[in-house]
Amino acid sequence: MTGHHDPAGGDDPTGSTGSGRGGGAGAPGKAGPDPSAWSCPLPSRAPGTVVMGHGSGGAMTSELIEQVFLPALGRPAGPLGDSAVLDLPSRQGGRLAFTTDAHVVQPLFFPGGCIGDLAVNGTVNDLAMAGAGPLALSCAFVLEEGTDLAVVDRVARAIGQAARAAGVPVVTGDTKVVQAGRGDGLYVTTAGVGLVPAGVGPRPDRVLPGDVVLLSGPIGAHGIAVLSVREGMDFVTDLRSDTAPLAGLVRAVLRADPDVHALRDPTRGGFAAVLNEIAAASGVGVEIEDTAVPVPEQVGAVCSFLGLDPWCVANEGRLVAFVREDRARGVLAAMRAHPAGSGAVAVGRCTGQDPGLVVARSAYGSTRIVDLPAGEQLPRIC
Amino acid sequence: MRYLTEFRDPRALRALVEDIRATVTRPWAIMEVCGGQTHAILRYGLDQMLPEGVELIHGPGCPVCVTPLETIDRALAIASLPQVTFCSFGDMLRVPGSDGDLARVRAAGGDVRVVYSPLDAVELARRTPDRQVVFFAIGFETTAPANAMAVHLARATGLRNFTVLVSHMRVPPVVDAVMPAPGCRVQGFLAAGHVCSVMGTGEYHGPARRHRVPIVVTGFEPLDLLEGIRRTVRQLEAGRHEVENAYPRAVPDHGNPAARAMLEEVFGTTDRTWRGIGPIRDSGWGLSAAYREFDAEARFDVAGIRADEPAGCRAGEVLQGRLSPPDCPAFATACTPRTPLGATMVSGEGACAAHFRYRRTGTAGRSRDAVNR
Amino acid sequence: MCLAVPAKVLQIEDTGPTRMARVDIGGVTQRVSLAYLPQVGPGEYVIVHVGFAIQRLDEDAALRSLETFAQMAGARERHR
């Protein structure tokens with residue numbers, strides 16, 4: 001059941017505490033920052049834990065919607081229906097962009113944000129990479145029985161705050177409950193629709209030889225921040241997730257160059273994955289200057305003792321732009337002038353040689369091939 | 001970062017390359033026996049900077065490449081047992097056994113955990129007394145002291161649910177195994193610096209003398225690696241075959257006595273079979289008699305270990321520097337990083353994987369003119 | 001076998017199963033075991049591998065190596 005600006009579906013909204021699932025501060029008793037300081041600090045109005053009854057669509061479901069989801073995500077003007085119905089903005093030309101994401105991050109809370117921030121920003125950013133301004137989001141939860149309802153509340157509030165910060169309403173949603181042991185606490189699936197203005201169409205296959213590669217800021221912080229609070233990882237950093245909505249940054253890029261060839265956000269698989277995907281889709285070679293790619297010192301340090309590659313670490317608030325050579329300076333200046341792009345740099349260019357191949361040039365002038373990451377990056381000893 | 005950035009200085013690097021260039025009068029083949037060094041060489045493209053004729057051969061210095069197939073199969077069998085929590089370093093998760101790897105065991109419901117330190121596995125055993133925690137103790141001498149401490153602590157605290165599956169390898173016997181093999185082209189060795197941080201440099205005098213090869217203890221940063229190569233080339237040109245220490249800041253000649261003492265207590269040398277090479281005498285460590293109760297091989301009687309190497313895999317010859325990967329019939333056809341036949345294609349540092357990555361450039365990764373401008 | 005990094009010892013802690021230390025690696029703090037380096041104290045540098053400090057870093061030796069490299073670089077530049 002949904003309506004304008006209504007977030008919850010017809011499912012069981014109970015959340016009750018008990019197992020403490022999803023607290024996400026790493027191993028119990030681990031010294032370190034207080035996780036409740038990372039995300040929404042307001043006290044929860046919802047004591048108790050999630051039970052199966054919360055998914056049944058009856059009174060307990062309504063209670064969860066009223067007590068948790070509507071206050072967090074915004075109460076609609078009219079009654080709650082089965083679908084949100086949106087007025088289409090009247091704009092000449094333009095096309096609809098549509099995207100969806102599933103979010104399963106562990107732990108749920110980490111320095112700089114939580115699964116809720118990733119859910120909203122991830123979807124807003126997927127729309128932005130198509131050149132679209134976000135119109136509306138949906139948000140569906142799968143809750144594990146036994147999950148602390150305070151956790152559900154915190155995540156919902158984070159989603160609400162992130163959505164307001166991104167300037168997009170959450171207009172529809174759903175909640176299901178699964179038995180204990182089947183759900184990692186909480187999963188979130190989001191979908192988003194957006195509007196791509198006429199004359200705008202960044203796509204992975206539009207990049208040409210000669211295009212300049214621009215990166216909006218330092219890489220690696222998100223992945224390492226999450227890793228730092230995972231079970232079994234006993235190191236302490238100041239790193240915080242870079243999770244952020246990029247719609248505003250993309251608008252600034254498009255003002256400087258409506259015809260930007262490609263935009264990608266380096267999430268899973270990191271910077272290396274984006275370069276390889278574009279190189280393959282567009283049939284161009286890519287050459288990156290090692291020393292131009294900004295990696296925060298602490299990201300480099302953690303990667304050095306775990307044997308990880310910073311270029312393969314996930315980011316949640318960065319973008320890579322592939323821009324015609326004669327537009328590059330203007331786009332870079334526009335990015336730097338925007339708060340989400342203040343650290344933007346040019347890192348390389350595309351070539352007509354060796355299509356699909358990504359190489360990096362070291363400070364010494366030697367080159368190495370940058371592969372598509374094989375799978376999960378694992379800490380190594382060798 | 002201190003002790004790192006200084007050893008990456010481009011000016012000094014160019015000077016080292018020039019010195020090597022000025023010294024070389026004939027081709028030389030130098031083997032480095034450490035996956036970490038191979039990784040650094042590829043990462044910084046150091047082999048591209050060397051003059052024509054100085055060839056680096058990637059030796060059997062990576063636990064991923066050389067842990068015997070039988071051990072991998074045993075690990076997979078133990079990890080599949082329902083009462084077992086199997087802890088391993090991340091390196092081993094995708095090493096193929098006869099049928100599958102640890103990642104597949106995990107996907108099938110096995111409790112397989114990646115740990116950063118062996119102490120994490122001990123702590124896990126302490127916290128979950130109802131589980132049998134098995135730690136995959138692989139690695140060379142650099143890692144052995146940490147693994148030894150884990151077993152030592154388990155014994156000291158009376159842990160009944162902790163065992164280790166040991167597959168430790170020692171580096172010095174590798175020289176003895178590689179040199180006499182027919183077709184061996186190796187003329188000098190870079191000894192792994194961090195192995196020597198633990199063991200010291202003494203163990204290499206015998207092999208250097210026996211096989212008349214220079215052995216230079218080398219570090220891992222670009223300047224360290226080039227310095228190690230430079231000193232090896234100098235010795236080769238002068239007809240010397242000595243043990244030299246090019247990594248003195250981290251390698252005292254006597255190594256780490258406390259670590260060596262623990263190794264002697266917990267382990268004893270044993271013959272080991274190196275995947276792709278075969279048995280090498282005294283080339284490994286196994287648990288000493290006093291610690292036998294912590295041996296996972298004894299506690300878990302897993303039957304039916306087949307250890308079938310895929311037909312057509314010639315990783316052994318590659319590991320010894322006798323076969324160049326592109327010359328292997330299976331290279332890039334039946335054997336690719338996604339469908340590896342042997343460990344040298346699985347490991348990112350393996351010679352076969354490295355060549356696979358570079359084959360598309362048509363230059364085998366050597367753009368020699370790059371640095372010397 | 002060899003992924004080991006330089007770290008600066010910040011403070012000693014006797015809270016773990018072995019003598020432990022808080023060390024700094026490029027701004028990141030980690031707890032490592034000093035079981036194999038009983039003499040090492042705060043302010044010194046060590047090499048860390050899988051949560052263990054396995055060797056002291058000898059600053060004099062490091063400076064001597066760097067000095068050699070610097071001389072080579074200087075000599076090269078003088079000849080250009």
# chains A, B, ... in the order shown; residues from 1 in each chain; ligands from 1
$ interface_residues --of "chain A" --to "chain B" --cutoff "8 Å" --atoms "only C-alpha atoms" --output "list of chain:residue names"
A:Gly232, A:Met233, A:Leu306, A:Asp354, A:Ser362, A:Ala363, A:Tyr364, A:Gly365, A:Ser366, A:Thr367, A:Arg368, A:Ile369, A:Asp371, A:Leu378, A:Pro379, A:Arg380, A:Ile381, A:Cys382
$ closest_atom_pairs --of "chain A" --to "chain C" --cutoff "9 Å" --atoms "only C-alpha atoms" --output "JSON lines"
{"residue": "A:Asp234", "atom": "CA", "partner": "C:Gln30", "partner_atom": "CA", "distance": 6.4}
{"residue": "A:Phe235", "atom": "CA", "partner": "C:Gln30", "partner_atom": "CA", "distance": 4.5}
{"residue": "A:Val236", "atom": "CA", "partner": "C:Thr29", "partner_atom": "CA", "distance": 5.0}
{"residue": "A:Thr237", "atom": "CA", "partner": "C:Val28", "partner_atom": "CA", "distance": 5.0}
{"residue": "A:Asp238", "atom": "CA", "partner": "C:Val28", "partner_atom": "CA", "distance": 7.8}
{"residue": "A:Glu297", "atom": "CA", "partner": "C:Gly26", "partner_atom": "CA", "distance": 6.2}
{"residue": "A:Gln298", "atom": "CA", "partner": "C:Gly27", "partner_atom": "CA", "distance": 5.6}
{"residue": "A:Val299", "atom": "CA", "partner": "C:Val28", "partner_atom": "CA", "distance": 8.7}
{"residue": "A:Gly300", "atom": "CA", "partner": "C:Gly26", "partner_atom": "CA", "distance": 7.8}
{"residue": "A:Ala301", "atom": "CA", "partner": "C:Gly26", "partner_atom": "CA", "distance": 5.2}
{"residue": "A:Val302", "atom": "CA", "partner": "C:Val28", "partner_atom": "CA", "distance": 7.0}
{"residue": "A:Ser304", "atom": "CA", "partner": "C:Val5", "partner_atom": "CA", "distance": 7.0}
{"residue": "A:Phe305", "atom": "CA", "partner": "C:Val5", "partner_atom": "CA", "distance": 6.1}
{"residue": "A:Leu306", "atom": "CA", "partner": "C:Leu3", "partner_atom": "CA", "distance": 8.0}
{"residue": "A:Gly307", "atom": "CA", "partner": "C:Leu3", "partner_atom": "CA", "distance": 7.0}
{"residue": "A:Arg380", "atom": "CA", "partner": "C:Leu3", "partner_atom": "CA", "distance": 7.8}
{"residue": "A:Ile381", "atom": "CA", "partner": "C:Leu3", "partner_atom": "CA", "distance": 5.3}
{"residue": "A:Cys382", "atom": "CA", "partner": "C:Met1", "partner_atom": "CA", "distance": 4.2}
$ write_last_selection --atoms "C-alpha atoms" --output "short mmCIF file (atom, residue, chain, number, x, y, z; two decimals), in the first residue's frame"
data_model
loop_
_atom_site.label_atom_id
_atom_site.label_comp_id
_atom_site.auth_asym_id
_atom_site.auth_seq_id
_atom_site.Cartn_x
_atom_site.Cartn_y
_atom_site.Cartn_z
CA ASP A 234 41.55 -5.13 14.13
CA PHE A 235 42.70 -1.77 12.81
CA VAL A 236 41.58 1.77 13.47
CA THR A 237 41.40 4.57 10.93
CA ASP A 238 39.81 7.99 10.58
CA GLU A 297 47.23 7.87 2.95
CA GLN A 298 45.22 5.66 5.30
CA VAL A 299 43.60 3.83 2.41
CA GLY A 300 47.07 3.14 1.02
CA ALA A 301 48.28 2.01 4.43
CA VAL A 302 45.46 -0.48 5.00
CA SER A 304 49.52 -2.23 1.98
CA PHE A 305 49.20 -4.54 4.96
CA LEU A 306 46.16 -6.43 3.72
CA GLY A 307 47.46 -6.80 0.20
CA ARG A 380 46.58 -11.80 1.38
CA ILE A 381 49.90 -12.60 3.02
CA CYS A 382 52.02 -13.08 -0.07
#
$ select_by_dssp --residues "stretch 210-240 of chain B" --states "strand (DSSP E)" --output "JSON, numbers by chain"
{"B": [215, 216, 217, 218]}
$ interface_residues --of "chain C" --to "chain B" --cutoff "10 Å" --atoms "only C-alpha atoms" --output "number ranges by chain"
C: 1-8, 17-18, 25-27, 32-33, 35-38, 45-66, 68-77
$ residues_around --residues "stretch 190-205 of chain A" --least-positions-apart "4" --cutoff "6 Å" --atoms "only C-alpha atoms" --output "PDB file with N, CA and C atoms, in the first residue's frame"
ATOM      1  N   GLY A  93      11.056  17.213 -24.754  1.00  0.00           N
ATOM      2  CA  GLY A  93      12.007  16.122 -24.963  1.00  0.00           C
ATOM      3  C   GLY A  93      12.312  15.461 -23.639  1.00  0.00           C
ATOM      4  N   GLY A  94      13.490  14.977 -23.485  1.00  0.00           N
ATOM      5  CA  GLY A  94      13.878  14.299 -22.245  1.00  0.00           C
ATOM      6  C   GLY A  94      13.388  12.868 -22.248  1.00  0.00           C
ATOM      7  N   ARG A  95      14.062  12.036 -21.476  1.00  0.00           N
ATOM      8  CA  ARG A  95      13.709  10.614 -21.419  1.00  0.00           C
ATOM      9  C   ARG A  95      13.721  10.183 -19.964  1.00  0.00           C
ATOM     10  N   LEU A  96      13.051   9.072 -19.709  1.00  0.00           N
ATOM     11  CA  LEU A  96      12.952   8.545 -18.358  1.00  0.00           C
ATOM     12  C   LEU A  96      14.133   7.607 -18.098  1.00  0.00           C
ATOM     13  N   ALA A  97      14.767   7.778 -16.982  1.00  0.00           N
ATOM     14  CA  ALA A  97      15.795   6.821 -16.555  1.00  0.00           C
ATOM     15  C   ALA A  97      15.231   6.005 -15.412  1.00  0.00           C
ATOM     16  N   PHE A  98      15.601   4.740 -15.338  1.00  0.00           N
ATOM     17  CA  PHE A  98      15.022   3.829 -14.353  1.00  0.00           C
ATOM     18  C   PHE A  98      16.114   2.888 -13.883  1.00  0.00           C
ATOM     19  N   THR A  99      16.254   2.753 -12.588  1.00  0.00           N
ATOM     20  CA  THR A  99      17.320   1.903 -12.077  1.00  0.00           C
ATOM     21  C   THR A  99      16.882   1.201 -10.808  1.00  0.00           C
ATOM     22  N   THR A 100      17.558   0.112 -10.466  1.00  0.00           N
ATOM     23  CA  THR A 100      17.279  -0.569  -9.207  1.00  0.00           C
ATOM     24  C   THR A 100      18.566  -1.113  -8.607  1.00  0.00           C
ATOM     25  N   ASP A 101      18.556  -1.259  -7.305  1.00  0.00           N
ATOM     26  CA  ASP A 101      19.729  -1.720  -6.556  1.00  0.00           C
ATOM     27  C   ASP A 101      19.281  -2.572  -5.384  1.00  0.00           C
ATOM     28  N   ALA A 130      23.434   8.336 -15.710  1.00  0.00           N
ATOM     29  CA  ALA A 130      22.771   8.374 -17.011  1.00  0.00           C
ATOM     30  C   ALA A 130      22.439   9.825 -17.382  1.00  0.00           C
ATOM     31  N   GLY A 131      22.863  10.739 -16.540  1.00  0.00           N
ATOM     32  CA  GLY A 131      22.564  12.143 -16.778  1.00  0.00           C
ATOM     33  C   GLY A 131      21.215  12.570 -16.227  1.00  0.00           C
ATOM     34  N   ALA A 132      20.583  11.711 -15.418  1.00  0.00           N
ATOM     35  CA  ALA A 132      19.212  11.988 -14.967  1.00  0.00           C
ATOM     36  C   ALA A 132      19.167  12.647 -13.599  1.00  0.00           C
ATOM     37  N   GLY A 133      18.266  13.615 -13.459  1.00  0.00           N
ATOM     38  CA  GLY A 133      17.943  14.134 -12.141  1.00  0.00           C
ATOM     39  C   GLY A 133      16.901  13.208 -11.527  1.00  0.00           C
ATOM     40  N   PRO A 134      16.997  12.889 -10.232  1.00  0.00           N
ATOM     41  CA  PRO A 134      16.073  11.901  -9.648  1.00  0.00           C
ATOM     42  C   PRO A 134      14.682  12.484  -9.462  1.00  0.00           C
ATOM     43  N   LEU A 135      13.651  11.678  -9.769  1.00  0.00           N
ATOM     44  CA  LEU A 135      12.270  12.100  -9.576  1.00  0.00           C
ATOM     45  C   LEU A 135      11.645  11.460  -8.344  1.00  0.00           C
ATOM     46  N   ALA A 136      11.896  10.166  -8.189  1.00  0.00           N
ATOM     47  CA  ALA A 136      11.261   9.457  -7.073  1.00  0.00           C
ATOM     48  C   ALA A 136      11.984   8.143  -6.822  1.00  0.00           C
ATOM     49  N   LEU A 137      11.945   7.710  -5.565  1.00  0.00           N
ATOM     50  CA  LEU A 137      12.567   6.438  -5.187  1.00  0.00           C
ATOM     51  C   LEU A 137      11.542   5.514  -4.561  1.00  0.00           C
ATOM     52  N   SER A 138      11.798   4.226  -4.673  1.00  0.00           N
ATOM     53  CA  SER A 138      11.051   3.241  -3.898  1.00  0.00           C
ATOM     54  C   SER A 138      12.027   2.556  -2.964  1.00  0.00           C
ATOM     55  N   CYS A 139      11.489   1.941  -1.941  1.00  0.00           N
ATOM     56  CA  CYS A 139      12.350   1.361  -0.932  1.00  0.00           C
ATOM     57  C   CYS A 139      11.675   0.147  -0.326  1.00  0.00           C
ATOM     58  N   PRO A 258      27.058  19.391 -21.938  1.00  0.00           N
ATOM     59  CA  PRO A 258      25.851  18.556 -22.004  1.00  0.00           C
ATOM     60  C   PRO A 258      26.109  17.231 -22.717  1.00  0.00           C
ATOM     61  N   ASP A 259      27.175  17.218 -23.529  1.00  0.00           N
ATOM     62  CA  ASP A 259      27.426  16.034 -24.337  1.00  0.00           C
ATOM     63  C   ASP A 259      28.503  15.120 -23.735  1.00  0.00           C
ATOM     64  N   VAL A 260      28.695  15.205 -22.431  1.00  0.00           N
ATOM     65  CA  VAL A 260      29.711  14.347 -21.800  1.00  0.00           C
ATOM     66  C   VAL A 260      29.493  12.906 -22.273  1.00  0.00           C
ATOM     67  N   HIS A 261      30.563  12.225 -22.627  1.00  0.00           N
ATOM     68  CA  HIS A 261      30.434  10.924 -23.283  1.00  0.00           C
ATOM     69  C   HIS A 261      30.020   9.812 -22.332  1.00  0.00           C
ATOM     70  N   ALA A 262      30.641   9.762 -21.165  1.00  0.00           N
ATOM     71  CA  ALA A 262      30.275   8.707 -20.226  1.00  0.00           C
ATOM     72  C   ALA A 262      30.503   9.157 -18.798  1.00  0.00           C
ATOM     73  N   ILE A 278      34.364   0.594 -19.410  1.00  0.00           N
ATOM     74  CA  ILE A 278      34.285   1.615 -20.453  1.00  0.00           C
ATOM     75  C   ILE A 278      35.179   1.238 -21.637  1.00  0.00           C
ATOM     76  N   ALA A 281      33.348  -1.485 -23.487  1.00  0.00           N
ATOM     77  CA  ALA A 281      32.089  -1.066 -24.121  1.00  0.00           C
ATOM     78  C   ALA A 281      32.338  -0.130 -25.298  1.00  0.00           C
ATOM     79  N   SER A 282      33.330   0.735 -25.154  1.00  0.00           N
ATOM     80  CA  SER A 282      33.587   1.717 -26.211  1.00  0.00           C
ATOM     81  C   SER A 282      34.660   1.279 -27.186  1.00  0.00           C
TER      82      SER A 282
END
$ select_by_dssp --residues "stretch 20-267 of chain A" --states "alpha helix (DSSP H)" --output "ChimeraX atom specification"
/A:59-64,70-73,115-129,149-166,221-228,247-256
$ residues_around --residues "B:Asn161" --least-positions-apart "4" --cutoff "12 Å" --atoms "only C-alpha atoms" --output "PyMOL selection string"
chain B and resi 83-86+121-135+151+154-155+157+293-296+299-300
$ atom_distance --atom1 "atom CA of A:Val323" --atom2 "atom CA of A:Val120"
26.7 Å
$ closest_residue --among "B:Ala103, B:Arg74, B:Glu242, B:Pro326" --to "A:Gly375" --atoms "only C-alpha atoms"
B:Ala103
$ residues_around --residues "C:Gly43" --least-positions-apart "6" --cutoff "9 Å" --atoms "only C-alpha atoms" --output "MDAnalysis selection string"
chainID C and resid 8:11
